[in-house]
Structure formats: C-alpha cells, structure tokens
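Undergrad: Here it is, the structure in full.
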Amino acid sequence: MPPTSGQPIGHDAHAHEREVLRQAAIALNGRVVTLWEITPESAATRLFSSIPDAARADTELDLDHTLRQWGAPLIHHSRWVGCRLANGGQWCVAPVRVRPAAPPPRGFERRSRERMVLELAGLSLGVLGAAAGAAQPRLPPGEALRELARQPSVIAHEVGNPLAVALGNLDLSVDALRDATTLDPAFRAQLLDDLSHVADGIEQAADYLRSIQERPFGATGGQLARFDVIPVIRSCVTLERPLARKRGIALKWHASLDSVYLYGDAGSLYQVITNLIRNAVDASLAHEGIVTITVERTGDNVQLAVQDHGVGITPGHRPRIFDPGFTTKPPGKGSGIGLAVVKEITQNMFGGTIDVQSTPGSGSTFTLFLPIPPQRR
C-alpha cells in the first residue's frame with residue numbers, strides 16, 4: 001500500500017523495515033511480527049513490531065525458551081525477527097542477516113512455512129540495513145575509541161596465526177632440502193606433506209581476509225551453522241604441529257568421541273584453539289616438553305582442554321590474563337589480544353565458560369566447556 005499521508009515512505013528512518021514486518025505478518029495470517037536486538041546484557045530489546053500497539057505478551061521474546069534452548073549465540077547487537085506460533089505458544093524466530101542461510105543437509109528441507117517467511121523477512125531487513133549503511137548504536141566516546149583501536153589488532157593477530165604456521169612449514173621444508181642428499185620416495189612424500197601444510201596455512205589466512213572484506217561494517221562473527229568440532233581440532237593440531245616441532249615442542253591430541261556438533265562459526269572455534277595452542281607452545285619453550293589437546297563430552301558440554309608443562313602463571317597475573325592488551329611476553333612477541341579473543345568467542349559465540357588451572361614452574365591447563373545445542377544432544 002502507498003503511504004496515505006502524502007509523505008514518502010523514506011520519511012520514517014525505519015519505514016522500510018516496518019513494511020517488511022507488516023508484509024511478513026500478512027503472510028503469517030495476521031500474527032504479530034517483531035524485530036529485537038540483543039543488548040550487552042544478553043537480553044532481547046524490542047525495536048518495533050508489525051502492529052505498533054501490539055500487546056506486551058506478543059512482543060517480549062522469552063530468550064530462555066527460544067534462542068538459548070537451541071544453543072543460538074547471543075551476540076551483542078545481533079538482531080532477530082519472530083512471532084508466536086499460537087496464542088501464548090512457542091516463538092518462531094530467525095536471525096537478521098545479509099546472506100541466505102546455507103541449504104539444508106542432504107537437501108531435505110525441515111523448516112516450517114513460518115520459519116521460511118521469517119528467514120526471508122530477516123534477510124530483507126539485513127539487506128536494507130546494509131544498503132542504508134546502518135551503524136551500530138553509538139558507544140560512549142571512551143569505549144568507541146577503545147573499540148576502534150582494538151579492531152586492527154584483532155585482525156592482525158588472527159591473520160598472523162595461520163601465516164606463521166605457513167612460514168614454519170616452509171622453513172622445515174627448506175631445511176630438509178638443504179640437508180638432503182637424495183630424493184627417495186619417502187623423503188618426497190614427507191616434503192609434499194610439509195608443502196601441503198604451507199598451502200593450507202596460506203589458504204586459511206586468505207579465507208580470513210576475505211571474511212573481513214565481505215563483512216558489513218560493525219558486523220560480528222562469520223557464518224553461523226551447525227558444524228562438527230572434531231575436524232576443526234584436527235586441522236588446528238595438524239597446522240600447528242610443524243611450527244611447534246621446530247621449537248622442540250611435541251603436540252599430541254586425543255578425542256574420546258568420533259564427532260560432536262556445535263552451532264556457531266567454525267572459524268571462530270579455530271581461532272580459539274589456535275590461540276590456546278600457540279600460548280601453550282610459547283610457555284613450554286624453556287622446558288621443551290609436550291602440549292596435549294583433549295576433547296571429550298561431559299554431560300551436555302563439549303570439554304576441550306589444552307595442557308602444557310611450561311612456566312605457568314603467577315598468582316598476581318591470573319586475574320588479568322583475559323584483559324585485552326595484557327601480556328607478559330617481551331615487546332614484539334605478544335599483543336595481549338589472544339586470550340581476550342578466546343574469552344570473547346567462548347562466551348559470546350558459544351555460550352561457554354573457561355577454567356584455568358596453573359602452577360608456576362609446572363604448567364597450565366585451559367579447559368573450555370561449550371554447551372551442546374539441546375536438539376543435537
């Protein structure tokens with residue numbers, strides 16, 4: 001319907017978004033459709049609905065019985081669109097995004113008609129926001145300055161990890177070539193294996209750079225989907241092992257299960273594990289020992305531990321190890337970003353917790369507890 005007031009629809013900054021909600025409500029037989037945003041306190045605040053004066057019960061999202069029970073990450077500033085399936089019944093929700101969701105596994109579509117309508121509404125809202133250059137809610141000046149300074153550091157840190165792995169593999173290959181007197185089949189196979197790790201590391205860096213370039217300004221996270229944790233861990237250990245070996249540290253890992261699925265960004269979990277392994281290797285350099293990575297299921301959680309037998313953490317430093325910018329490494333050797341990223345992703349992406357056990361002079365163990373989404377347990 002055209003505007004009846006004689007004013008262009010763009011006169012209201014949110015007129016297009018309201019129109020998307022109105023059309024979604026029509027497609028859902030008049031159900032009230034609402035747009036929410038996740039606050040820093042992990043609560044859902046109502047932005048607006050398809051009916052401005054909708055009843056309170058029709059617009060207040062119950063996080064505990066919708067997003068949290070499905071293991072959906074409650075990311076600060078993320079937006080969700082949804083409606084009730086029946087009077088006082090369950091909620092049906094979909095994220096606001098700029099790209100369609102991935103196709104269903106094996107092509108079998110299980111989403112309901114209501115979910116599909118909300119998926120399209122969320123996609124429309126995301127595209128509208130990206131086209132209009134919608135910014136995040138304004139931060140206090142001091143916090144905004146810290147956030148601006150933090151972003152390049154995070155990018156440089158995360159891109160540096162896979163590049164360092166690639167360089168480590170390349171160094172090992174060059175050393176092997178210098179020492180070799182003949183290219184027998186076994187040596188050739190090992191060389192090809194090392195070079196494949198180089199390619200994997202470079203590709204990992206390229207993928208991360210592409211994700212940064214394609215991500216709308218102010219957006220967080222990568223592609224959220226159901227993924228198997230075990231291949232991610234195996235990839236991290238495989239890529240980090242040559243660099244650790246060059247430093248005299250052996251990487252060993254053990255999984256007590258063949259597969260276990262989480263919901264979120266697999267690349268983010270890759271960053272978490274890589275950061276923990278790199279820190280464990282750095283802490284072990286003076287001892288030339290073993291870093292052990294284990295994954296098992298404990299109740300309704302994936303328990304992932306990285307253990308070293310290195311220098312340990314002094315009691316005075318324990319409260320600050322997750323603070324952005326805090327590091328005990330020499331200048332130029334550490335940015336103080338790694339563990340801050342680990343904490344942020346673990347808590348905000350996967351809704352998990354971190355336990356740290358450390359004894360100075362004996363080593364440290366970082367253990368992640370990541371909740372398994374209920375429908376996949």
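Letters A, B, ... go to the chains of the structure tokens in the order shown; residues in each chain start at 1; ligands are counted from 1 in the same order.
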Could you pull the residues within 12 Å of Pro242 in chain A, counting only C-alpha atoms, minus those fewer than 6 positions along the same chain, as a list in words?
TA: Ala164, Val165, Ala166, Leu167, Gly168, Asn169, Leu170, Asp171, Leu172, Ser173, Gln190, Asp193, Asp194, Leu195, Ser196, His197, Val198, Gly201, Cys236, Gly248, Ile249, Ala250, Leu251, Arg278 and Val281 of chain A
Undergrad: Pick out the closest residue to Thr294 in chain A from this set: A:Val93, A:Ala340, A:Leu368, A:Met349. Count only C-alpha atoms.
TA: A:Leu368
Undergrad: Pick out the closest residue to Arg111 in chain A from this set: A:Val20, A:Leu85, A:Ala131, A:Cys92. Count only C-alpha atoms.
TA: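 Of the candidates, the smallest distance to Arg111 in chain A is held by A:Cys92.
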Undergrad: Enumerate as JSON, numbers by chain all residues of range 238-344 of chain A assigned to strand (DSSP E or B) by DSSP on the backbone, naming them with the chain letters and numbers the document uses.
TA: {"A": [250, 251, 252, 253, 254, 255, 261, 262, 263, 264, 290, 291, 292, 293, 294, 295, 296, 297, 298, 301, 302, 303, 304, 305, 306, 307]}
Undergrad: Which residue gives the smallest distance to Trp91 in chain A among A:Asp355, A:Glu41, A:Glu109, A:Glu114, with only C-alpha atoms counted?
TA: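 Answer, going by the shortest atom-to-atom distance: A:Glu114.
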Undergrad: For a quick check of understanding, using only C-alpha atoms, which of A:Thr34, A:Leu67, A:Ala94, A:Leu128 has the smallest distance to Ala15 in chain A?
TA: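 Using only C-alpha atoms, the shortest distance to Ala15 in chain A belongs to A:Leu128.
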Undergrad: Counting only C-alpha atoms, which of A:Ile230, A:Ala25, A:Ala176, A:Val311 gets nearest to Ile293 in chain A?
TA: A:Ile230
Undergrad: Have a look at A:Leu47, A:Val237, A:Cys83, A:Ala255 and name the one nearest to Asn29 in chain A; count only C-alpha atoms.
TA: A:Cys83
